[in-house]
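The file entry21.txt contains compact mmCIF, C-alpha atoms:
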```txt
# COMPACT_ATOMS: atom_id res chain seq x y z
CA MET A 1 -6.64 -40.68 7.28
CA GLU A 2 -7.19 -39.69 10.89
CA TYR A 3 -4.03 -38.17 12.37
CA GLN A 4 -3.24 -38.89 16.00
CA PHE A 5 -2.17 -35.47 17.16
CA ALA A 6 -1.21 -34.70 20.77
CA LEU A 7 -4.22 -34.07 22.98
CA ARG A 8 -2.95 -30.56 23.78
CA THR A 9 -3.60 -29.49 20.17
CA LYS A 10 -7.33 -29.72 20.85
CA LYS A 11 -7.00 -26.81 23.26
CA VAL A 12 -5.90 -24.28 20.65
CA THR A 13 -7.50 -22.80 17.57
CA ALA A 14 -6.23 -20.55 14.83
CA SER A 15 -5.73 -16.91 15.78
CA GLU A 16 -8.87 -15.00 14.88
CA VAL A 17 -6.79 -11.93 14.07
CA ARG A 18 -4.61 -13.89 11.67
CA GLU A 19 -7.67 -15.40 10.00
CA ILE A 20 -9.19 -11.94 9.59
CA LEU A 21 -5.96 -10.71 8.02
CA LYS A 22 -6.40 -13.40 5.34
CA ILE A 23 -9.88 -12.06 4.63
CA VAL A 24 -8.75 -8.44 4.39
CA ALA A 25 -5.73 -9.07 2.18
CA ARG A 26 -7.69 -7.65 -0.76
CA PRO A 27 -6.24 -4.25 -1.78
CA GLU A 28 -9.61 -2.49 -1.59
CA ILE A 29 -10.00 -3.31 2.11
CA MET A 30 -9.02 -0.56 4.55
CA SER A 31 -7.84 -2.49 7.59
CA PHE A 32 -7.85 -1.43 11.21
CA ALA A 33 -7.52 -5.12 12.12
CA GLY A 34 -3.85 -6.04 12.31
CA GLY A 35 -1.32 -4.67 14.74
CA LEU A 36 0.97 -3.75 11.89
CA PRO A 37 3.73 -1.14 12.06
CA ALA A 38 3.72 1.36 9.20
CA PRO A 39 5.78 -0.24 6.39
CA GLU A 40 6.69 3.13 4.88
CA LEU A 41 8.69 3.81 8.06
CA PHE A 42 10.84 0.68 7.74
CA PRO A 43 14.51 1.65 7.21
CA VAL A 44 14.85 -0.56 4.13
CA ASP A 45 17.90 1.07 2.60
CA GLU A 46 19.76 1.39 5.89
CA VAL A 47 19.05 -2.22 6.87
CA GLY A 48 20.34 -3.24 3.45
CA ARG A 49 23.54 -1.28 3.94
CA GLN A 50 24.12 -2.75 7.38
CA CYS A 51 23.42 -6.25 6.12
CA GLN A 52 26.02 -5.81 3.39
CA ALA A 53 28.50 -4.43 5.92
CA VAL A 54 27.98 -7.34 8.30
CA LEU A 55 28.47 -9.87 5.51
CA ALA A 56 31.55 -8.05 4.20
CA GLU A 57 33.19 -7.73 7.62
CA GLN A 58 31.98 -10.84 9.48
CA GLY A 59 30.32 -13.01 6.83
CA PRO A 60 31.37 -16.48 8.05
CA LYS A 61 30.50 -15.62 11.66
CA ALA A 62 27.17 -14.10 10.67
CA LEU A 63 26.19 -17.24 8.76
CA GLN A 64 27.35 -19.71 11.41
CA TYR A 65 25.68 -21.18 14.47
CA ALA A 66 26.12 -19.09 17.60
CA THR A 67 25.32 -19.20 21.30
CA THR A 68 21.74 -19.66 22.46
CA GLU A 69 21.90 -16.62 24.74
CA GLY A 70 22.40 -14.32 21.76
CA TYR A 71 24.98 -12.06 20.15
CA ASN A 72 26.84 -10.51 23.07
CA PRO A 73 27.28 -7.01 21.61
CA LEU A 74 23.51 -6.85 21.05
CA ARG A 75 22.82 -8.14 24.55
CA GLN A 76 25.14 -5.47 25.95
CA TRP A 77 23.37 -2.76 23.92
CA ILE A 78 20.07 -3.91 25.45
CA VAL A 79 21.62 -3.85 28.93
CA ASP A 80 22.77 -0.28 28.35
CA ARG A 81 19.33 0.71 27.05
CA LEU A 82 17.55 -0.84 30.01
CA THR A 83 19.98 0.78 32.42
CA ASN A 84 20.06 4.27 30.95
CA LYS A 85 16.59 4.65 29.44
CA TRP A 86 14.39 2.29 31.47
CA HIS A 87 16.37 2.74 34.73
CA ILE A 88 16.54 -1.02 35.32
CA ASN A 89 19.61 -2.48 37.00
CA VAL A 90 20.54 -5.47 34.80
CA GLY A 91 23.61 -7.24 33.50
CA ILE A 92 24.26 -9.27 30.39
CA ASP A 93 23.35 -12.50 32.21
CA ASN A 94 19.83 -11.10 32.65
CA VAL A 95 19.19 -10.85 28.88
CA LEU A 96 18.24 -13.57 26.39
CA ILE A 97 17.70 -12.81 22.69
CA THR A 98 14.56 -14.42 21.22
CA SER A 99 13.07 -14.86 17.76
CA GLY A 100 10.35 -12.30 18.26
CA SER A 101 8.13 -11.71 21.28
CA GLN A 102 5.83 -14.59 20.41
CA SER A 103 8.76 -16.97 20.74
CA ALA A 104 9.46 -15.40 24.13
CA LEU A 105 5.87 -16.04 25.26
CA ASP A 106 6.08 -19.63 24.04
CA MET A 107 9.28 -20.27 26.00
CA ILE A 108 7.96 -18.56 29.12
CA SER A 109 4.83 -20.70 29.00
CA LYS A 110 6.94 -23.86 28.76
CA LEU A 111 8.98 -22.67 31.72
CA MET A 112 6.11 -21.66 33.98
CA VAL A 113 2.87 -23.45 33.06
CA ASP A 114 1.71 -26.95 33.95
CA GLU A 115 -1.68 -28.34 33.07
CA GLY A 116 -4.29 -27.08 35.51
CA ASP A 117 -2.23 -24.12 36.74
CA VAL A 118 -4.09 -20.88 37.31
CA ILE A 119 -2.94 -17.88 35.27
CA TRP A 120 -4.28 -14.40 35.94
CA CYS A 121 -4.59 -11.94 33.05
CA GLU A 122 -5.99 -8.50 32.49
CA THR A 123 -9.37 -8.35 30.83
CA PRO A 124 -9.10 -7.86 27.91
CA THR A 125 -5.56 -9.01 27.13
CA TYR A 126 -3.28 -9.93 24.23
CA LEU A 127 -4.81 -12.73 22.17
CA ALA A 128 -1.54 -14.38 21.07
CA ALA A 129 -0.37 -14.68 24.68
CA LEU A 130 -3.55 -16.57 25.52
CA THR A 131 -2.85 -18.84 22.54
CA ALA A 132 0.68 -19.57 23.74
CA PHE A 133 -0.39 -20.29 27.31
CA ARG A 134 -3.51 -22.26 26.35
CA LEU A 135 -1.44 -24.98 24.67
CA LEU A 136 -0.10 -25.98 28.11
CA GLY A 137 -3.58 -26.47 29.56
CA PRO A 138 -3.90 -23.83 32.30
CA THR A 139 -7.02 -22.26 33.75
CA PHE A 140 -7.42 -18.51 33.22
CA GLU A 141 -8.83 -16.01 35.66
CA ALA A 142 -9.45 -12.38 34.79
CA MET A 143 -8.20 -9.40 36.75
CA PRO A 144 -10.69 -6.56 36.16
CA SER A 145 -9.12 -3.41 34.75
CA ASP A 146 -10.03 0.22 34.23
CA ASP A 147 -8.26 3.13 32.57
CA ASP A 148 -5.55 3.10 35.28
CA GLY A 149 -4.77 -0.59 34.91
CA VAL A 150 -5.51 -3.67 36.98
CA ILE A 151 -7.88 -2.91 39.83
CA VAL A 152 -5.93 -3.77 42.97
CA ASP A 153 -8.84 -3.51 45.42
CA GLY A 154 -9.90 -7.03 46.37
CA LEU A 155 -6.90 -8.64 44.69
CA GLU A 156 -5.25 -9.76 47.94
CA GLU A 157 -8.39 -11.58 49.03
CA ARG A 158 -8.41 -13.47 45.74
CA ILE A 159 -4.73 -14.35 46.16
CA LEU A 160 -5.41 -15.79 49.61
CA GLN A 161 -8.32 -17.77 48.22
CA HIS A 162 -6.47 -19.15 45.20
CA LYS A 163 -2.89 -18.06 44.64
CA PRO A 164 -2.13 -17.97 40.88
CA LYS A 165 0.90 -19.71 39.40
CA MET A 166 1.72 -16.52 37.50
CA VAL A 167 0.15 -13.36 36.13
CA TYR A 168 0.49 -11.94 32.61
CA VAL A 169 0.16 -8.18 32.14
CA ILE A 170 0.84 -5.39 29.64
CA PRO A 171 1.11 -2.28 31.84
CA THR A 172 2.21 0.20 29.16
CA PHE A 173 0.08 0.97 26.06
CA GLN A 174 -1.74 -2.32 26.28
CA ASN A 175 -2.77 -4.47 23.36
CA PRO A 176 -5.74 -4.44 22.79
CA SER A 177 -7.09 -1.63 24.97
CA GLY A 178 -4.34 1.01 24.67
CA ARG A 179 -4.54 1.58 28.43
CA THR A 180 -1.54 2.41 30.61
CA TRP A 181 -1.26 1.63 34.30
CA SER A 182 -0.79 4.51 36.69
CA MET A 183 2.33 4.60 38.82
CA GLU A 184 0.22 3.99 41.94
CA ARG A 185 -1.29 0.84 40.43
CA ARG A 186 2.13 -0.48 39.40
CA LYS A 187 3.52 -0.03 42.90
CA ALA A 188 0.47 -1.49 44.66
CA PHE A 189 0.30 -4.44 42.27
CA MET A 190 3.97 -5.32 42.70
CA GLU A 191 3.71 -5.00 46.48
CA LEU A 192 1.15 -7.81 46.39
CA MET A 193 3.15 -9.91 43.93
CA THR A 194 6.26 -9.48 46.08
CA LYS A 195 4.44 -10.26 49.32
CA TYR A 196 3.06 -13.54 47.96
CA GLU A 197 6.00 -14.30 45.61
CA ILE A 198 3.94 -14.63 42.43
CA MET A 199 5.77 -14.68 39.10
CA VAL A 200 4.85 -11.82 36.77
CA VAL A 201 5.17 -11.95 32.99
CA GLU A 202 5.36 -8.35 31.77
CA ASP A 203 4.89 -7.73 28.04
CA ASN A 204 6.66 -4.51 27.05
CA ALA A 205 6.26 -4.76 23.27
CA TYR A 206 4.93 -1.19 23.01
CA PHE A 207 7.00 0.44 25.78
CA GLU A 208 9.01 2.75 23.49
CA LEU A 209 5.95 4.00 21.56
CA CYS A 210 5.18 6.90 23.90
CA PHE A 211 3.39 10.01 22.62
CA ASP A 212 3.76 12.27 25.67
CA ASP A 213 6.59 13.48 27.89
CA ILE A 214 5.80 11.17 30.80
CA GLU A 215 8.45 8.60 31.71
CA TYR A 216 6.88 5.21 32.29
CA CYS A 217 8.62 2.39 34.08
CA SER A 218 8.74 -1.37 33.98
CA LEU A 219 7.33 -3.44 36.82
CA THR A 220 10.92 -4.63 37.21
CA ASN A 221 11.61 -1.29 38.92
CA PHE A 222 9.40 -2.48 41.82
CA ASP A 223 10.68 -6.07 41.94
CA PRO A 224 13.13 -6.76 44.78
CA LYS A 225 12.82 -10.56 44.51
CA GLY A 226 13.37 -11.20 40.79
CA LEU A 227 9.77 -12.19 40.10
CA VAL A 228 9.27 -10.26 36.85
CA ILE A 229 9.99 -11.85 33.47
CA SER A 230 9.90 -8.96 31.01
CA SER A 231 9.88 -9.18 27.23
CA CYS A 232 10.38 -6.54 24.57
CA SER A 233 11.03 -6.43 20.85
CA PHE A 234 12.57 -4.49 17.99
CA SER A 235 9.52 -5.27 15.83
CA LYS A 236 7.63 -2.07 16.64
CA VAL A 237 10.61 0.32 16.56
CA LEU A 238 12.72 -1.17 13.76
CA CYS A 239 10.87 -3.79 11.70
CA PRO A 240 9.08 -7.05 12.55
CA GLY A 241 10.50 -9.15 9.72
CA LEU A 242 13.90 -9.55 11.35
CA ARG A 243 12.24 -11.32 14.34
CA VAL A 244 14.62 -10.06 17.03
CA ALA A 245 13.37 -9.55 20.58
CA TRP A 246 14.55 -10.21 24.10
CA ILE A 247 13.67 -11.34 27.60
CA ASN A 248 15.17 -9.73 30.68
CA ALA A 249 14.77 -11.56 33.99
CA ALA A 250 16.69 -12.86 36.99
CA ALA A 251 19.74 -14.92 36.00
CA PRO A 252 18.31 -18.25 37.25
CA VAL A 253 15.21 -17.66 35.11
CA ILE A 254 17.35 -16.87 32.06
CA GLU A 255 19.39 -20.04 32.63
CA LYS A 256 16.25 -22.17 32.46
CA LEU A 257 14.93 -20.28 29.43
CA VAL A 258 18.22 -20.89 27.61
CA ILE A 259 17.72 -24.64 28.01
CA ILE A 260 14.16 -24.36 26.72
CA LYS A 261 15.29 -22.25 23.76
CA GLN A 262 17.88 -24.88 22.87
CA SER A 263 15.06 -27.38 22.40
CA THR A 264 12.93 -24.85 20.52
CA ASP A 265 15.11 -23.13 17.90
CA LEU A 266 18.70 -23.46 19.17
CA GLN A 267 19.30 -19.73 18.68
CA THR A 268 17.94 -16.57 17.08
CA ALA A 269 19.37 -15.98 13.59
CA THR A 270 22.96 -14.74 13.94
CA LEU A 271 22.84 -12.56 10.83
CA ASN A 272 19.66 -10.83 11.97
CA GLN A 273 21.09 -10.10 15.41
CA MET A 274 24.28 -8.67 13.96
CA VAL A 275 22.35 -6.50 11.48
CA VAL A 276 20.14 -5.15 14.26
CA HIS A 277 23.17 -4.39 16.44
CA ARG A 278 25.01 -2.65 13.63
CA PHE A 279 21.91 -0.61 12.81
CA LEU A 280 21.58 0.46 16.44
CA THR A 281 25.23 1.48 16.77
CA HIS A 282 25.41 3.33 13.43
CA ASN A 283 22.16 5.29 13.72
CA ASP A 284 20.43 7.60 16.19
CA PHE A 285 17.95 5.16 17.71
CA ASP A 286 16.25 7.76 19.90
CA ALA A 287 15.66 9.94 16.84
CA ARG A 288 14.13 6.98 15.04
CA VAL A 289 11.81 6.20 17.96
CA LYS A 290 10.75 9.86 18.11
CA MET A 291 9.99 9.88 14.38
CA ILE A 292 7.78 6.79 14.73
CA CYS A 293 6.03 8.22 17.78
CA ASP A 294 5.36 11.51 15.99
CA VAL A 295 3.75 9.68 13.06
CA TYR A 296 1.72 7.30 15.22
CA GLY A 297 0.69 10.11 17.55
CA GLU A 298 -0.76 12.03 14.60
CA ARG A 299 -2.62 8.92 13.49
CA ARG A 300 -3.89 8.30 17.01
CA ASP A 301 -5.20 11.86 17.09
CA ALA A 302 -7.00 11.35 13.77
CA MET A 303 -8.72 8.22 15.07
CA LEU A 304 -9.75 9.78 18.37
CA ASP A 305 -11.03 12.87 16.56
CA GLU A 306 -13.21 10.84 14.19
CA LEU A 307 -14.49 8.59 16.96
CA GLY A 308 -15.40 11.67 18.98
CA LYS A 309 -17.36 13.11 16.06
CA SER A 310 -18.97 9.98 14.58
CA LEU A 311 -19.34 7.27 17.22
CA PRO A 312 -23.00 6.75 18.14
CA GLU A 313 -24.33 7.66 21.57
CA GLY A 314 -23.87 4.91 24.13
CA CYS A 315 -20.39 3.95 22.86
CA THR A 316 -17.08 4.68 24.57
CA PHE A 317 -13.45 4.47 23.52
CA THR A 318 -10.04 4.56 25.17
CA HIS A 319 -7.55 7.42 24.82
CA PRO A 320 -4.12 5.77 24.52
CA ARG A 321 -1.00 7.75 25.38
CA GLY A 322 1.11 5.46 23.21
CA GLY A 323 1.15 2.15 21.41
CA MET A 324 -0.99 1.21 18.42
CA PHE A 325 -4.59 0.56 19.49
CA VAL A 326 -7.92 2.06 20.51
CA TRP A 327 -10.59 -0.05 22.22
CA VAL A 328 -14.24 0.66 21.51
CA THR A 329 -17.07 -0.53 23.75
CA MET A 330 -20.59 -0.49 22.31
CA PRO A 331 -24.08 -1.14 23.70
CA GLU A 332 -24.62 -4.81 24.59
CA CYS A 333 -27.07 -5.18 21.71
CA VAL A 334 -24.14 -5.01 19.24
CA ASP A 335 -22.53 -8.31 18.23
CA ASP A 336 -18.89 -7.86 17.19
CA ASP A 337 -18.92 -10.68 14.60
CA ARG A 338 -21.96 -9.22 12.88
CA LEU A 339 -20.32 -5.79 13.06
CA LEU A 340 -17.21 -7.11 11.28
CA GLN A 341 -19.34 -8.45 8.44
CA ARG A 342 -21.18 -5.13 8.13
CA CYS A 343 -17.87 -3.22 8.14
CA LEU A 344 -16.58 -5.45 5.34
CA THR A 345 -19.49 -4.34 3.16
CA TYR A 346 -17.92 -0.87 3.40
CA ASN A 347 -14.48 -2.36 2.63
CA VAL A 348 -13.31 -1.68 6.18
CA ALA A 349 -12.03 -4.28 8.66
CA VAL A 350 -11.91 -4.34 12.48
CA VAL A 351 -11.08 -7.03 15.02
CA PRO A 352 -13.99 -8.36 17.11
CA GLY A 353 -13.12 -7.84 20.75
CA HIS A 354 -14.38 -11.10 22.24
CA SER A 355 -11.17 -12.93 21.27
CA PHE A 356 -9.14 -10.83 23.71
CA TYR A 357 -10.92 -12.00 26.86
CA PRO A 358 -9.34 -14.84 28.86
CA VAL A 359 -12.78 -15.72 30.28
CA ASP A 360 -16.36 -14.45 29.85
CA PRO A 361 -15.85 -12.79 26.44
CA LYS A 362 -17.77 -9.64 25.70
CA LYS A 363 -19.26 -9.41 22.21
CA ASN A 364 -19.82 -5.66 22.22
CA THR A 365 -16.19 -4.56 21.82
CA VAL A 366 -13.75 -4.01 18.93
CA ARG A 367 -10.06 -3.19 18.61
CA LEU A 368 -8.94 -0.55 16.12
CA ASN A 369 -5.33 -0.17 14.96
CA TYR A 370 -4.15 3.30 13.89
CA SER A 371 -0.47 2.76 13.11
CA ASN A 372 -0.83 1.41 9.59
CA LEU A 373 -2.90 4.09 7.78
CA PRO A 374 -2.42 7.83 7.13
CA PRO A 375 -4.75 10.32 8.86
CA GLU A 376 -7.01 10.97 5.86
CA LYS A 377 -7.74 7.26 5.45
CA ILE A 378 -8.23 6.88 9.19
CA HIS A 379 -10.87 9.61 9.17
CA TYR A 380 -12.74 8.03 6.28
CA GLY A 381 -12.44 4.44 7.50
CA VAL A 382 -13.42 5.20 11.09
CA SER A 383 -16.46 7.14 9.87
CA LYS A 384 -17.55 3.97 8.06
CA VAL A 385 -16.96 1.87 11.17
CA CYS A 386 -19.10 4.29 13.16
CA GLN A 387 -21.79 4.11 10.48
CA ALA A 388 -21.75 0.31 10.69
CA ILE A 389 -22.05 0.47 14.49
CA ALA A 390 -25.02 2.82 14.20
CA GLU A 391 -26.68 0.46 11.74
CA GLU A 392 -26.09 -2.52 14.04
CA ILE A 393 -27.64 -0.63 16.96
CA ALA A 394 -30.64 0.31 14.83
CA ALA A 395 -31.05 -3.23 13.50
CA SER A 396 -31.01 -4.68 17.04
CA GLN A 397 -33.76 -2.29 18.10
CA SER A 398 -36.05 -2.85 15.15
```

What's the structure tokens form of this structure?
Amino acid sequence: MEYQFALRTKKVTASEVREILKIVARPEIMSFAGGLPAPELFPVDEVGRQCQAVLAEQGPKALQYATTEGYNPLRQWIVDRLTNKWHINVGIDNVLITSGSQSALDMISKLMVDEGDVIWCETPTYLAALTAFRLLGPTFEAMPSDDDGVIVDGLEERILQHKPKMVYVIPTFQNPSGRTWSMERRKAFMELMTKYEIMVVEDNAYFELCFDDIEYCSLTNFDPKGLVISSCSFSKVLCPGLRVAWINAAAPVIEKLVIIKQSTDLQTATLNQMVVHRFLTHNDFDARVKMICDVYGERRDAMLDELGKSLPEGCTFTHPRGGMFVWVTMPECVDDDRLLQRCLTYNVAVVPGHSFYPVDPKKNTVRLNYSNLPPEKIHYGVSKVCQAIAEEIAASQS
């Protein structure tokens, strides 16, 4: 039987990262492919205790339908966090709870994107965001980036030539590159967005995973007109299985997103929201974040150390100050799909980089995740990746 699916479904394909994760599910595979938090850091026992407490104290409410906007005590906790830690002036009407960040991206795309609209993205950028946007039929344009973020020089001329409907960016500890925008780039970028009133979708999924003493800021801090729609999540700092995240934006934007969410999933699970809130109010959240950052920072150091020792000449790699990823660029003779297959022969997995480009994909890049393996395995696995790269370079020259 030939199914008559909507035409828009022809514009999307399965996530290459998710498909790779199916391949590497075998226990002998050492995976640098997925963006997975370390499961040994999940607060399993504490979440269990808080779940029992919520059910004992508020069981019927926790298992009932609730408002689309989210559980108000959790929304207020987020407001306090954004105000005191992120230095963003928000109120409860600026916060919407979502079922994970991917749900947030899906709702934002439905709010903002019409077929044929032009969306600007960093290059490279987050693959799953491209997937969410692509379903609505936009055209993508790349904003070139370097280690300090989006290159602002020449951007105004491009805006005047073809003003984008919106831009999507990850300024802090970007997925996939690990890069972080400088303060100067953030200010200059938002000056242009404000001048031409362009909506900005800011993905802050990794914002709390900071390995140094520098205080980073959201683009919302430079947004006098309410143009920034910012999303963040508890997946990286608590656990992803609860699927609790949020959007903070201007109240009129939140009002529209609430209507869209009502047609999408009605609400984020009440029980999960209440468990997250109780966890946050009965534990030292800052201490938990520091513990995660200490572990991931050590693992980042192990990966950078091994890359520095073993990566063949002609290759470069980023030096993230937070987050979960390192981006490796190889000579143009290396094909990332062939490299993946060669890595798998050593029981090691990487993610080919071409999937992360909105346009003009580059086949000589890979993303490596360091959060999900201990340092000794990172050293061994990265040495095998470097060996595979060297073999690919040699094979292309023979």

re CA of Arg186 (chain A) and CA of Gln102 (chain A): distance 23.9 Å

*From the set A:Asp305, A:Glu392, A:Glu57, A:Asp265, which residue has the shortest atom-to-atom contact distance to Phe317 (chain A), counting all atoms listed in the file?*
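The closest residue to Phe317 (chain A) is A:Asp305.
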
* Asked: Around (-4.1, 1.7, 34.5) in the file's frame, which residues reach within 9 Å when counting only C-alpha atoms? Return as a ChimeraX atom specification?
  -> /A:145-151,171-172,179-186

Since we have the selection now, will you write its residues out, keeping C-alpha atoms, as a PDB file, in the coordinates of the input?
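Output saved as part15.pdb:
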```pdb
ATOM      1  CA  SER A 145      -9.120  -3.410  34.750  1.00  0.00           C
ATOM      2  CA  ASP A 146     -10.030   0.220  34.230  1.00  0.00           C
ATOM      3  CA  ASP A 147      -8.260   3.130  32.570  1.00  0.00           C
ATOM      4  CA  ASP A 148      -5.550   3.100  35.280  1.00  0.00           C
ATOM      5  CA  GLY A 149      -4.770  -0.590  34.910  1.00  0.00           C
ATOM      6  CA  VAL A 150      -5.510  -3.670  36.980  1.00  0.00           C
ATOM      7  CA  ILE A 151      -7.880  -2.910  39.830  1.00  0.00           C
ATOM      8  CA  PRO A 171       1.110  -2.280  31.840  1.00  0.00           C
ATOM      9  CA  THR A 172       2.210   0.200  29.160  1.00  0.00           C
ATOM     10  CA  ARG A 179      -4.540   1.580  28.430  1.00  0.00           C
ATOM     11  CA  THR A 180      -1.540   2.410  30.610  1.00  0.00           C
ATOM     12  CA  TRP A 181      -1.260   1.630  34.300  1.00  0.00           C
ATOM     13  CA  SER A 182      -0.790   4.510  36.690  1.00  0.00           C
ATOM     14  CA  MET A 183       2.330   4.600  38.820  1.00  0.00           C
ATOM     15  CA  GLU A 184       0.220   3.990  41.940  1.00  0.00           C
ATOM     16  CA  ARG A 185      -1.290   0.840  40.430  1.00  0.00           C
ATOM     17  CA  ARG A 186       2.130  -0.480  39.400  1.00  0.00           C
TER      18      ARG A 186
END
```

Sphere at (19.2, -12.5, 38.0), radius 7 Å, counting only C-alpha atoms: residues as a list of chain:residue names: A:Asn94, A:Gly226, A:Ala249, A:Ala250, A:Ala251, A:Pro252

Find the residues around Ile29 (chain A) up to 8 Å (all atoms listed in the file counted), leave out those fewer than 4 positions away in its own chain, and share them as a list in words.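 So, after excluding close chain neighbours, the residues are Val24, Ala25, Leu344, Asn347, Val348 and Ala349 of chain A.
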
Please return region 69-81 of chain A, rebuilt to N, CA, C and O atoms, as a PDB file, in the frame of the given file.
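Now in selection38.pdb:
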```pdb
ATOM      1  N   GLU A  69      22.219 -17.854  24.008  1.00  0.00           N
ATOM      2  CA  GLU A  69      21.900 -16.620  24.740  1.00  0.00           C
ATOM      3  C   GLU A  69      21.767 -15.411  23.826  1.00  0.00           C
ATOM      4  O   GLU A  69      21.012 -14.484  24.140  1.00  0.00           O
ATOM      5  N   GLY A  70      22.480 -15.422  22.700  1.00  0.00           N
ATOM      6  CA  GLY A  70      22.400 -14.320  21.760  1.00  0.00           C
ATOM      7  C   GLY A  70      23.748 -13.675  21.514  1.00  0.00           C
ATOM      8  O   GLY A  70      24.750 -13.981  22.173  1.00  0.00           O
ATOM      9  N   TYR A  71      23.768 -12.778  20.551  1.00  0.00           N
ATOM     10  CA  TYR A  71      24.980 -12.060  20.150  1.00  0.00           C
ATOM     11  C   TYR A  71      25.340 -11.073  21.254  1.00  0.00           C
ATOM     12  O   TYR A  71      24.586 -10.149  21.574  1.00  0.00           O
ATOM     13  N   ASN A  72      26.494 -11.275  21.865  1.00  0.00           N
ATOM     14  CA  ASN A  72      26.840 -10.510  23.070  1.00  0.00           C
ATOM     15  C   ASN A  72      26.848  -8.992  22.874  1.00  0.00           C
ATOM     16  O   ASN A  72      26.387  -8.258  23.766  1.00  0.00           O
ATOM     17  N   PRO A  73      27.367  -8.471  21.769  1.00  0.00           N
ATOM     18  CA  PRO A  73      27.280  -7.010  21.610  1.00  0.00           C
ATOM     19  C   PRO A  73      25.847  -6.493  21.603  1.00  0.00           C
ATOM     20  O   PRO A  73      25.582  -5.404  22.134  1.00  0.00           O
ATOM     21  N   LEU A  74      24.916  -7.256  21.028  1.00  0.00           N
ATOM     22  CA  LEU A  74      23.510  -6.850  21.050  1.00  0.00           C
ATOM     23  C   LEU A  74      22.951  -6.945  22.457  1.00  0.00           C
ATOM     24  O   LEU A  74      22.213  -6.059  22.914  1.00  0.00           O
ATOM     25  N   ARG A  75      23.278  -8.002  23.154  1.00  0.00           N
ATOM     26  CA  ARG A  75      22.820  -8.140  24.550  1.00  0.00           C
ATOM     27  C   ARG A  75      23.329  -6.978  25.393  1.00  0.00           C
ATOM     28  O   ARG A  75      22.593  -6.428  26.219  1.00  0.00           O
ATOM     29  N   GLN A  76      24.590  -6.576  25.169  1.00  0.00           N
ATOM     30  CA  GLN A  76      25.140  -5.470  25.950  1.00  0.00           C
ATOM     31  C   GLN A  76      24.448  -4.157  25.590  1.00  0.00           C
ATOM     32  O   GLN A  76      24.208  -3.313  26.462  1.00  0.00           O
ATOM     33  N   TRP A  77      24.105  -3.973  24.311  1.00  0.00           N
ATOM     34  CA  TRP A  77      23.370  -2.760  23.920  1.00  0.00           C
ATOM     35  C   TRP A  77      22.034  -2.706  24.657  1.00  0.00           C
ATOM     36  O   TRP A  77      21.624  -1.649  25.144  1.00  0.00           O
ATOM     37  N   ILE A  78      21.355  -3.846  24.752  1.00  0.00           N
ATOM     38  CA  ILE A  78      20.070  -3.910  25.450  1.00  0.00           C
ATOM     39  C   ILE A  78      20.264  -3.600  26.935  1.00  0.00           C
ATOM     40  O   ILE A  78      19.476  -2.862  27.543  1.00  0.00           O
ATOM     41  N   VAL A  79      21.314  -4.148  27.533  1.00  0.00           N
ATOM     42  CA  VAL A  79      21.620  -3.850  28.930  1.00  0.00           C
ATOM     43  C   VAL A  79      21.797  -2.343  29.122  1.00  0.00           C
ATOM     44  O   VAL A  79      21.246  -1.750  30.065  1.00  0.00           O
ATOM     45  N   ASP A  80      22.548  -1.717  28.236  1.00  0.00           N
ATOM     46  CA  ASP A  80      22.770  -0.280  28.350  1.00  0.00           C
ATOM     47  C   ASP A  80      21.465   0.495  28.175  1.00  0.00           C
ATOM     48  O   ASP A  80      21.222   1.491  28.877  1.00  0.00           O
ATOM     49  N   ARG A  81      20.618   0.047  27.259  1.00  0.00           N
ATOM     50  CA  ARG A  81      19.330   0.710  27.050  1.00  0.00           C
ATOM     51  C   ARG A  81      18.438   0.588  28.282  1.00  0.00           C
ATOM     52  O   ARG A  81      17.829   1.557  28.733  1.00  0.00           O
TER      53      ARG A  81
END
```
